[in-house]
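Next comes entry.csv, a file with CSV, C-alpha atoms.
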chain,number,residue,atom,x,y,z
N,37,MET,CA,10.7,12.4,1.7
N,38,GLN,CA,12.1,9.3,0.2
N,39,PRO,CA,14.6,10.4,-2.5
N,40,SER,CA,16.2,7.0,-2.8
N,41,ARG,CA,13.2,4.6,-2.8
N,42,HIS,CA,13.5,4.2,-6.6
N,43,GLN,CA,17.1,3.1,-6.4
N,44,VAL,CA,16.4,-0.2,-4.8
N,45,ARG,CA,14.6,-3.0,-6.7
N,46,ARG,CA,12.0,-4.3,-4.3
N,47,THR,CA,11.8,-7.8,-3.1
N,48,ARG,CA,8.9,-8.8,-1.1
N,49,ALA,CA,9.5,-12.1,0.5
N,50,PHE,CA,8.9,-11.6,4.2
N,51,CYS,CA,10.6,-13.4,7.1
N,52,GLY,CA,7.8,-13.3,9.7
N,53,ALA,CA,6.9,-16.1,12.1
N,54,LEU,CA,3.9,-16.6,14.5
N,55,LEU,CA,5.1,-16.2,18.1
N,56,THR,CA,2.5,-18.7,19.4
N,57,THR,CA,4.5,-20.0,22.3
N,58,LEU,CA,5.3,-16.6,23.6
N,59,VAL,CA,1.7,-15.4,23.4
N,60,ALA,CA,0.5,-18.5,25.2
N,61,LEU,CA,3.0,-18.0,28.0
N,62,ALA,CA,2.0,-14.3,28.3
N,63,ALA,CA,-1.6,-15.4,28.5
N,64,LEU,CA,-0.8,-17.8,31.3
N,65,LEU,CA,1.1,-15.1,33.2
N,66,THR,CA,-1.4,-12.3,32.8
N,67,GLY,CA,-4.6,-14.1,32.5
N,68,ALA,CA,-5.1,-12.6,29.0
N,69,THR,CA,-6.1,-14.7,26.0
N,70,ALA,CA,-4.7,-14.3,22.5
N,71,SER,CA,-5.8,-16.2,19.4
N,72,GLN,CA,-2.7,-15.4,17.3
N,73,ALA,CA,0.6,-13.7,17.9
N,74,ASP,CA,1.7,-10.7,16.0
N,75,THR,CA,3.9,-11.2,12.9
N,76,THR,CA,7.5,-9.9,13.2
N,77,ILE,CA,9.2,-8.6,10.1
N,78,CYS,CA,13.0,-7.8,10.0
N,79,GLU,CA,13.6,-8.4,6.3
N,80,GLU,CA,14.3,-5.0,4.7
N,81,PHE,CA,11.4,-5.0,2.2
N,82,GLY,CA,9.3,-7.7,4.0
N,83,SER,CA,5.6,-7.2,4.0
N,84,ALA,CA,2.4,-8.8,5.3
N,85,THR,CA,-1.4,-8.3,4.7
N,86,ILE,CA,-3.8,-7.2,7.4
N,87,GLN,CA,-7.6,-7.2,7.4
N,88,GLY,CA,-7.4,-8.8,3.9
N,89,ARG,CA,-7.1,-5.4,2.3
N,90,TYR,CA,-4.0,-3.5,3.4
N,91,VAL,CA,-0.2,-4.2,3.1
N,92,VAL,CA,2.2,-3.5,6.0
N,93,GLN,CA,5.8,-3.1,4.9
N,94,ASN,CA,9.1,-2.8,6.8
N,95,ASN,CA,10.6,-0.8,3.9
N,96,ARG,CA,14.1,-0.3,5.2
N,97,TRP,CA,15.9,1.3,2.3
N,98,GLY,CA,18.3,4.0,3.6
N,99,THR,CA,20.5,2.0,6.0
N,100,SER,CA,22.0,-1.5,6.5
N,101,ALA,CA,21.2,-1.4,10.2
N,102,THR,CA,18.5,-3.8,11.5
N,103,GLN,CA,14.9,-2.6,11.6
N,104,CYS,CA,12.0,-4.8,12.8
N,105,ILE,CA,8.3,-4.2,12.9
N,106,SER,CA,5.5,-6.2,14.7
N,107,VAL,CA,2.4,-6.4,12.5
N,108,THR,CA,-0.9,-6.3,14.4
N,109,ASP,CA,-4.4,-6.9,13.2
N,110,SER,CA,-4.9,-3.2,12.7
N,111,GLY,CA,-1.4,-1.7,12.1
N,112,PHE,CA,2.2,-2.2,13.2
N,113,ARG,CA,4.8,-1.2,15.8
N,114,VAL,CA,8.5,-0.6,15.3
N,115,THR,CA,10.2,-3.0,17.7
N,116,ARG,CA,13.8,-2.4,16.6
N,117,ALA,CA,15.4,0.6,14.9
N,118,ASP,CA,19.2,0.4,14.9
N,119,GLY,CA,21.5,3.0,13.6
N,120,SER,CA,21.0,6.6,12.5
N,121,VAL,CA,21.6,8.8,9.4
N,122,PRO,CA,22.2,12.5,9.2
N,123,THR,CA,19.1,14.6,9.6
N,124,ASN,CA,20.0,16.9,6.7
N,125,GLY,CA,19.6,14.0,4.3
N,126,ALA,CA,17.2,11.2,3.5
N,127,PRO,CA,15.6,9.1,6.3
N,128,LYS,CA,16.6,5.5,6.8
N,129,SER,CA,13.3,3.8,6.1
N,130,TYR,CA,9.5,4.2,5.8
N,131,PRO,CA,7.8,1.5,7.8
N,132,SER,CA,4.2,1.9,6.7
N,133,VAL,CA,0.8,0.5,5.9
N,134,TYR,CA,-1.0,1.2,2.6
N,135,ASN,CA,-3.9,0.8,0.2
N,136,GLY,CA,-2.9,0.7,-3.5
N,137,CYS,CA,0.3,-0.4,-5.2
N,138,HIS,CA,3.9,0.0,-4.1
N,139,TYR,CA,6.6,-1.3,-6.5
N,140,THR,CA,4.2,-3.9,-8.0
N,141,ASN,CA,3.0,-5.0,-4.6
N,142,CYS,CA,-0.7,-4.2,-4.7
N,143,SER,CA,-3.0,-4.5,-1.7
N,144,PRO,CA,-5.7,-7.2,-2.1
N,145,GLY,CA,-8.9,-5.9,-3.8
N,146,THR,CA,-7.7,-2.3,-4.2
N,147,ASN,CA,-9.3,-0.2,-6.8
N,148,LEU,CA,-6.1,1.9,-7.2
N,149,PRO,CA,-4.8,3.2,-9.5
N,150,ALA,CA,-7.9,5.3,-10.1
N,151,ARG,CA,-8.2,8.5,-12.3
N,152,LEU,CA,-8.6,11.5,-10.1
N,153,SER,CA,-11.6,12.8,-12.0
N,154,SER,CA,-13.4,9.6,-11.3
N,155,ILE,CA,-13.0,9.8,-7.5
N,156,SER,CA,-15.8,11.3,-5.5
N,157,SER,CA,-14.2,10.9,-2.1
N,158,ALA,CA,-11.4,9.0,-0.4
N,159,PRO,CA,-12.3,8.8,3.4
N,160,THR,CA,-9.5,7.6,5.6
N,161,GLY,CA,-8.6,7.3,9.3
N,162,ILE,CA,-5.2,7.0,11.1
N,163,SER,CA,-4.1,6.7,14.7
N,164,TYR,CA,-0.4,7.1,15.6
N,165,SER,CA,1.7,6.5,18.8
N,166,TYR,CA,4.8,8.6,19.2
N,167,VAL,CA,8.1,8.3,21.1
N,168,SER,CA,10.8,10.6,22.4
N,169,GLY,CA,14.5,10.2,22.1
N,170,ALA,CA,14.4,9.8,18.3
N,171,ALA,CA,14.4,11.9,15.1
N,172,TYR,CA,11.5,11.2,12.8
N,173,ASP,CA,8.3,12.4,11.1
N,174,ALA,CA,4.9,10.7,11.1
N,175,ALA,CA,4.2,10.8,7.4
N,176,TYR,CA,0.9,10.2,5.5
N,177,ASP,CA,1.8,9.8,1.8
N,178,ILE,CA,-0.4,10.2,-1.2
N,179,TRP,CA,1.1,9.3,-4.6
N,180,LEU,CA,0.0,10.7,-8.0
N,181,ASP,CA,1.1,9.9,-11.5
N,182,PRO,CA,0.0,10.8,-15.1
N,183,ALA,CA,-0.2,7.0,-15.8
N,184,PRO,CA,-1.9,4.2,-13.8
N,185,ARG,CA,1.5,2.8,-12.9
N,186,THR,CA,2.1,0.2,-10.2
N,187,ASP,CA,5.8,-0.4,-10.6
N,188,GLY,CA,7.7,2.4,-8.9
N,189,VAL,CA,8.0,6.0,-8.0
N,190,ASN,CA,5.3,8.4,-9.1
N,191,ARG,CA,5.5,12.0,-10.5
N,192,THR,CA,4.1,13.8,-7.4
N,193,GLU,CA,4.2,12.8,-3.7
N,194,ILE,CA,1.9,14.5,-1.3
N,195,MET,CA,3.1,14.3,2.3
N,196,ILE,CA,1.0,15.1,5.4
N,197,TRP,CA,3.3,15.5,8.4
N,198,PHE,CA,1.2,14.6,11.5
N,199,ASN,CA,4.2,15.1,13.7
N,200,ARG,CA,8.0,15.7,13.6
N,201,VAL,CA,10.6,15.2,16.3
N,202,GLY,CA,14.2,16.3,16.1
N,203,SER,CA,15.9,18.5,13.5
N,204,VAL,CA,14.1,17.1,10.4
N,205,GLN,CA,12.3,19.0,7.7
N,206,PRO,CA,10.4,18.3,4.4
N,207,VAL,CA,11.9,18.4,0.9
N,208,GLY,CA,12.2,21.9,-0.5
N,209,SER,CA,11.3,25.1,1.3
N,210,PRO,CA,8.2,26.8,2.9
N,211,VAL,CA,5.9,28.4,0.4
N,212,GLY,CA,3.2,29.6,2.8
N,213,SER,CA,0.3,28.2,4.7
N,214,ALA,CA,-3.2,27.0,3.9
N,215,THR,CA,-6.4,25.6,5.5
N,216,VAL,CA,-7.1,22.1,4.2
N,217,ALA,CA,-9.7,19.7,5.5
N,218,GLY,CA,-10.5,22.2,8.3
N,219,ARG,CA,-6.9,22.4,9.7
N,220,GLN,CA,-4.1,24.9,9.3
N,221,TRP,CA,-0.9,23.7,7.6
N,222,GLN,CA,2.5,25.0,6.8
N,223,ILE,CA,3.2,24.2,3.1
N,224,TRP,CA,6.6,23.1,1.8
N,225,SER,CA,7.3,22.5,-1.9
N,226,GLY,CA,10.3,20.9,-3.6
N,227,ASN,CA,11.7,18.1,-5.7
N,228,ASN,CA,14.0,15.3,-4.4
N,229,GLY,CA,15.6,14.6,-7.8
N,230,THR,CA,13.0,12.0,-8.7
N,231,ASN,CA,9.6,13.4,-8.0
N,232,ASP,CA,7.8,16.6,-6.9
N,233,VAL,CA,7.0,16.7,-3.2
N,234,LEU,CA,4.2,18.9,-1.7
N,235,SER,CA,4.2,18.7,2.1
N,236,PHE,CA,1.6,19.8,4.6
N,237,VAL,CA,3.1,20.2,8.0
N,238,ALA,CA,1.0,20.3,11.2
N,239,PRO,CA,1.9,23.1,13.6
N,240,SER,CA,1.6,20.6,16.5
N,241,ALA,CA,1.3,16.8,16.7
N,242,ILE,CA,-1.9,15.1,15.6
N,243,ASP,CA,-2.4,11.7,17.2
N,244,ASN,CA,-5.4,10.6,15.2
N,245,TRP,CA,-7.7,12.0,12.5
N,246,ASN,CA,-10.4,11.1,10.0
N,247,PHE,CA,-10.3,13.1,6.8
N,248,ASP,CA,-10.8,13.0,3.0
N,249,VAL,CA,-7.6,12.4,1.0
N,250,MET,CA,-9.2,14.2,-1.9
N,251,ASP,CA,-9.0,17.5,0.0
N,252,PHE,CA,-5.2,17.3,-0.2
N,253,VAL,CA,-5.3,16.1,-3.8
N,254,ARG,CA,-7.4,19.0,-4.9
N,255,GLN,CA,-5.1,21.4,-3.2
N,256,THR,CA,-2.2,19.8,-5.1
N,257,VAL,CA,-4.0,20.1,-8.4
N,258,SER,CA,-4.7,23.8,-7.7
N,259,ARG,CA,-1.0,24.4,-7.2
N,260,GLY,CA,-0.2,22.8,-10.6
N,261,LEU,CA,1.6,19.7,-9.3
N,262,ALA,CA,-1.1,17.3,-10.7
N,263,GLN,CA,-4.0,17.3,-13.1
N,264,ASP,CA,-7.5,15.8,-12.9
N,265,ASN,CA,-6.7,13.2,-15.5
N,266,TRP,CA,-3.8,11.8,-13.4
N,267,TYR,CA,-4.1,8.8,-11.2
N,268,LEU,CA,-4.1,8.1,-7.5
N,269,THR,CA,-1.9,5.1,-7.1
N,270,SER,CA,-1.5,4.6,-3.4
N,271,ILE,CA,-2.3,5.9,0.0
N,272,GLN,CA,0.3,5.2,2.8
N,273,ALA,CA,0.7,5.9,6.5
N,274,GLY,CA,3.9,5.4,8.5
N,275,PHE,CA,7.1,6.9,9.8
N,276,GLU,CA,10.3,8.2,8.4
N,277,PRO,CA,13.0,7.8,11.1
N,278,TRP,CA,16.5,9.3,10.9
N,279,GLN,CA,17.6,8.3,14.4
N,280,ASN,CA,16.2,5.4,16.5
N,281,GLY,CA,12.4,5.0,16.3
N,282,ALA,CA,11.6,1.9,18.4
N,283,GLY,CA,8.1,2.1,19.8
N,284,LEU,CA,6.6,4.2,17.0
N,285,ALA,CA,3.3,2.7,16.0
N,286,VAL,CA,0.3,3.0,13.6
N,287,ASN,CA,-2.5,1.8,15.9
N,288,SER,CA,-5.1,1.7,13.1
N,289,PHE,CA,-5.5,2.6,9.5
N,290,SER,CA,-8.4,2.7,7.1
N,291,SER,CA,-8.7,3.8,3.5
N,292,THR,CA,-11.6,3.7,1.0
N,293,VAL,CA,-11.6,5.2,-2.5
N,294,ASN,CA,-15.1,6.0,-3.8
N,295,LEU,CA,-15.5,6.3,-7.5
N,296,GLY,CA,-18.4,8.0,-9.3
N,297,GLY,CA,-21.6,9.2,-7.5
N,298,GLY,CA,-20.2,8.7,-4.0
N,299,THR,CA,-20.2,4.9,-4.1
N,300,PRO,CA,-17.1,2.6,-4.3
N,301,GLY,CA,-16.6,2.2,-8.0
N,302,GLY,CA,-19.5,2.2,-10.4
N,303,PRO,CA,-20.8,0.4,-13.5
N,304,GLY,CA,-18.5,0.9,-16.4
N,305,THR,CA,-15.8,2.7,-14.5
N,306,PRO,CA,-12.2,1.4,-14.3
N,307,GLY,CA,-12.0,-0.2,-10.9
N,308,GLY,CA,-15.7,-0.4,-10.5
N,309,PRO,CA,-17.2,-3.5,-8.8
N,310,ALA,CA,-19.6,-6.0,-10.3
N,311,ALA,CA,-21.3,-9.2,-9.3
N,312,CYS,CA,-18.9,-11.9,-10.3
N,313,LYS,CA,-18.1,-15.6,-10.2
N,314,VAL,CA,-14.6,-17.1,-10.5
N,315,THR,CA,-13.8,-20.6,-11.8
N,316,TYR,CA,-10.3,-21.7,-10.8
N,317,GLY,CA,-9.1,-24.8,-12.7
N,318,THR,CA,-5.7,-26.4,-12.0
N,319,ASN,CA,-3.3,-29.0,-13.4
N,320,VAL,CA,-0.9,-30.1,-10.7
N,321,TRP,CA,2.2,-32.2,-10.8
N,322,GLN,CA,5.1,-32.7,-8.3
N,323,ASP,CA,6.4,-29.2,-7.3
N,324,GLY,CA,4.6,-27.5,-10.1
N,325,PHE,CA,1.1,-26.4,-11.4
N,326,THR,CA,-0.8,-24.3,-13.9
N,327,ALA,CA,-4.0,-22.4,-13.1
N,328,ASP,CA,-6.7,-21.3,-15.5
N,329,VAL,CA,-8.9,-18.6,-14.1
N,330,THR,CA,-12.3,-17.6,-15.6
N,331,VAL,CA,-14.0,-14.5,-14.3
N,332,SER,CA,-17.7,-14.1,-15.1
N,333,ASN,CA,-19.6,-10.9,-14.9
N,334,THR,CA,-22.9,-12.0,-13.3
N,335,GLY,CA,-24.2,-8.4,-12.9
N,336,SER,CA,-26.2,-6.2,-15.2
N,337,SER,CA,-23.5,-3.5,-15.9
N,338,PRO,CA,-20.3,-3.8,-17.9
N,339,VAL,CA,-16.9,-3.8,-16.3
N,340,ASP,CA,-14.4,-1.6,-18.0
N,341,GLY,CA,-11.0,-2.4,-16.5
N,342,TRP,CA,-10.6,-5.2,-14.0
N,343,LYS,CA,-8.4,-6.3,-11.1
N,344,VAL,CA,-8.8,-9.8,-9.6
N,345,ALA,CA,-7.3,-10.1,-6.1
N,346,PHE,CA,-6.5,-13.4,-4.3
N,347,THR,CA,-4.0,-14.8,-1.9
N,348,LEU,CA,-1.7,-17.7,-3.0
N,349,PRO,CA,-1.4,-20.4,-0.3
N,350,SER,CA,2.0,-20.5,1.5
N,351,GLY,CA,4.7,-22.2,-0.6
N,352,GLN,CA,3.2,-21.3,-4.0
N,353,ARG,CA,5.0,-18.9,-6.4
N,354,ILE,CA,4.1,-17.7,-9.9
N,355,THR,CA,6.7,-18.1,-12.6
N,356,GLN,CA,4.8,-16.9,-15.6
N,357,ALA,CA,1.3,-15.6,-16.6
N,358,TRP,CA,-0.8,-15.0,-19.7
N,359,ASN,CA,-3.7,-12.7,-20.6
N,360,ALA,CA,-3.1,-10.6,-17.5
N,361,THR,CA,-0.3,-9.0,-15.5
N,362,VAL,CA,-0.1,-10.9,-12.2
N,363,SER,CA,2.0,-9.5,-9.3
N,364,PRO,CA,3.6,-10.0,-6.9
N,365,ALA,CA,4.8,-13.6,-7.5
N,366,SER,CA,3.6,-14.9,-4.1
N,367,GLY,CA,1.3,-13.9,-1.2
N,368,SER,CA,-1.4,-11.4,-1.8
N,369,VAL,CA,-1.7,-11.3,-5.6
N,370,THR,CA,-3.5,-9.0,-8.1
N,371,ALA,CA,-4.2,-9.9,-11.7
N,372,THR,CA,-4.7,-6.9,-13.9
N,373,ASN,CA,-6.4,-7.0,-17.4
N,374,ALA,CA,-4.4,-6.9,-20.6
N,375,ALA,CA,-5.3,-4.3,-23.3
N,376,HIS,CA,-7.3,-6.8,-25.3
N,377,ASN,CA,-9.5,-8.1,-22.5
N,378,ALA,CA,-10.2,-5.1,-20.3
N,379,SER,CA,-14.0,-5.2,-20.7
N,380,ILE,CA,-16.4,-7.8,-19.4
N,381,THR,CA,-20.0,-7.4,-20.7
N,382,PRO,CA,-22.9,-8.4,-18.5
N,383,GLY,CA,-23.1,-12.2,-18.7
N,384,GLY,CA,-19.7,-12.3,-20.3
N,385,GLN,CA,-16.4,-13.6,-19.0
N,386,VAL,CA,-12.6,-13.3,-19.4
N,387,SER,CA,-9.9,-15.8,-18.7
N,388,PHE,CA,-6.3,-15.6,-17.7
N,389,GLY,CA,-3.8,-18.1,-16.4
N,390,PHE,CA,-0.4,-18.7,-14.8
N,391,GLN,CA,2.2,-21.4,-14.1
N,392,GLY,CA,3.9,-21.8,-10.8
N,393,THR,CA,5.8,-23.9,-8.3
N,394,TYR,CA,4.7,-25.1,-4.8
N,395,SER,CA,6.0,-26.9,-1.8
N,396,GLY,CA,4.1,-29.0,0.7
N,397,ASN,CA,0.5,-29.9,0.0
N,398,PHE,CA,-1.1,-28.1,-3.0
N,399,THR,CA,-4.3,-26.1,-2.2
N,400,LYS,CA,-6.3,-23.5,-4.1
N,401,PRO,CA,-6.8,-19.8,-3.0
N,402,ALA,CA,-9.8,-19.5,-0.7
N,403,THR,CA,-11.4,-16.3,-2.0
N,404,PHE,CA,-11.3,-13.9,-5.0
N,405,SER,CA,-12.5,-10.4,-5.5
N,406,LEU,CA,-13.1,-8.4,-8.7
N,407,ASN,CA,-12.4,-4.6,-8.3
N,408,GLY,CA,-12.8,-4.9,-4.6
N,409,THR,CA,-16.1,-6.9,-4.7
N,410,SER,CA,-16.0,-10.5,-3.4
N,411,CYS,CA,-16.8,-13.2,-6.0
N,412,THR,CA,-18.5,-16.5,-5.7
N,413,THR,CA,-16.4,-19.5,-6.7
N,414,ALA,CA,-17.2,-22.6,-8.8
Before we go any further, please render this structure as structure tokens.
Amino acid sequence: MQPSRHQVRRTRAFCGALLTTLVALAALLTGATASQADTTICEEFGSATIQGRYVVQNNRWGTSATQCISVTDSGFRVTRADGSVPTNGAPKSYPSVYNGCHYTNCSPGTNLPARLSSISSAPTGISYSYVSGAAYDAAYDIWLDPAPRTDGVNRTEIMIWFNRVGSVQPVGSPVGSATVAGRQWQIWSGNNGTNDVLSFVAPSAIDNWNFDVMDFVRQTVSRGLAQDNWYLTSIQAGFEPWQNGAGLAVNSFSSTVNLGGGTPGGPGTPGGPAACKVTYGTNVWQDGFTADVTVSNTGSSPVDGWKVAFTLPSGQRITQAWNATVSPASGSVTATNAAHNASITPGGQVSFGFQGTYSGNFTKPATFSLNGTSCTTA
């Protein structure tokens, strides 16, 4: 549970650095080779992108004590977890990796939020490493809301507890048991003062598992805590530590949301992919620039609702935008359609733009995607 996440306004500048010298030294000592060091994040809400499609976040929100994570190509490891909080209250943090949107920080190319009734399946895989001498849960979070919101806490939180160590327990109270996705779970239900929480607690630790997120979503709908016309906004996997936690790790994470007839997205569905071309025009002056982005639908099917994802080069920051909502202001950015330009007909195009600042040499983003599909550039 995270009853206080909504109380902190998220900032997402991250203070990571490449540890190139250390990795090179380790390679000399061990004979191993490494092309790039892991990124270390100690800033409380710092984040980084992995695999070009997921966001890893430190997300320390319940304590002022230091927490650091080492971001790998496939997940992260908690390297420092100072301090503790009472186990009968909220945890101190939620270091995690996710697909979707978390306090306006959307993962690159995600097709979330997506209406539940449009999702045919949402296959996912997770591998955890656990430690002793700590109090924590290994929590897989699924967030649902009546609206396609990207800016904060949702109405219903589904939690899958893969493991729990110490005297910690979910929000609410036990309400029975159920078999979901072929496994037996103890079910807890409650409200943390901000959102409903339905928790599925494993009777013994699960190290890794591949499953369909929609099995748990359908169970939640059947219990009246969501409806088919609601939206899936994010899928997250990580840990909630109360005491210590160094060494906890997500070794790997994958998440795909398939819309319509079993394929990712579909013609005419919000979040559906389409063949596309992006033209990125700029006007650059010292320390500032404007960008005009034109997105062309080069496919044969209409696009109804679009998200254009790209990564701003280091040192660039958006100060204002038009004809789209663009967030966050730096790093992995997603532009979402306005009400008046949500549709792109076959052969048609839409445009949006933004103004920003930069430091160092100005360069353009390398790649763009439309609703999760890579676009050509012109």
Worksheet entry | Point (-9.2, -4.5, -9.7) neighbourhood (10 Å, all atoms listed in the file) written as a ChimeraX atom specification | /N:142,144-150,306-309,341-345,370-373,405-409
Practice prompt. Select, counting all atoms listed in the file, all protein, DNA and RNA residues no farther than 10 Å from (-3.4, -28.0, -9.6) in file coordinates, and express the selection as a ChimeraX atom specification.
Written response: /N:316-322,324-328,391-392,394,398-400
Worksheet item: From the set N:Val329, N:Trp179, N:Thr403, N:Phe346, which residue has the shortest atom-to-atom contact distance to Phe390 (chain N), counting all atoms listed in the file?
Response: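 Of N:Val329, N:Trp179, N:Thr403, N:Phe346, the one nearest Phe390 (chain N), counting all atoms listed in the file, is N:Val329.
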Worksheet entry | Neighbour list for Leu180 (chain N) as a count of residues only, cut-off 7 Å, all atoms listed in the file, skip fewer than 5 positions in-chain | 8
Item to complete: May I ask for the distance between CA of Thr140 (chain N) and CA of Thr186 (chain N), given in Å to one decimal place?
Response: 5.1 Å
Discussion item. Just to confirm, what's the straight-line distance from CA of Ser132 (chain N) to CA of Val107 (chain N) in Å (one decimal)?
Written reply: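 Interatomic distance, CA of Ser132 (chain N) to CA of Val107 (chain N): 10.3 Å.
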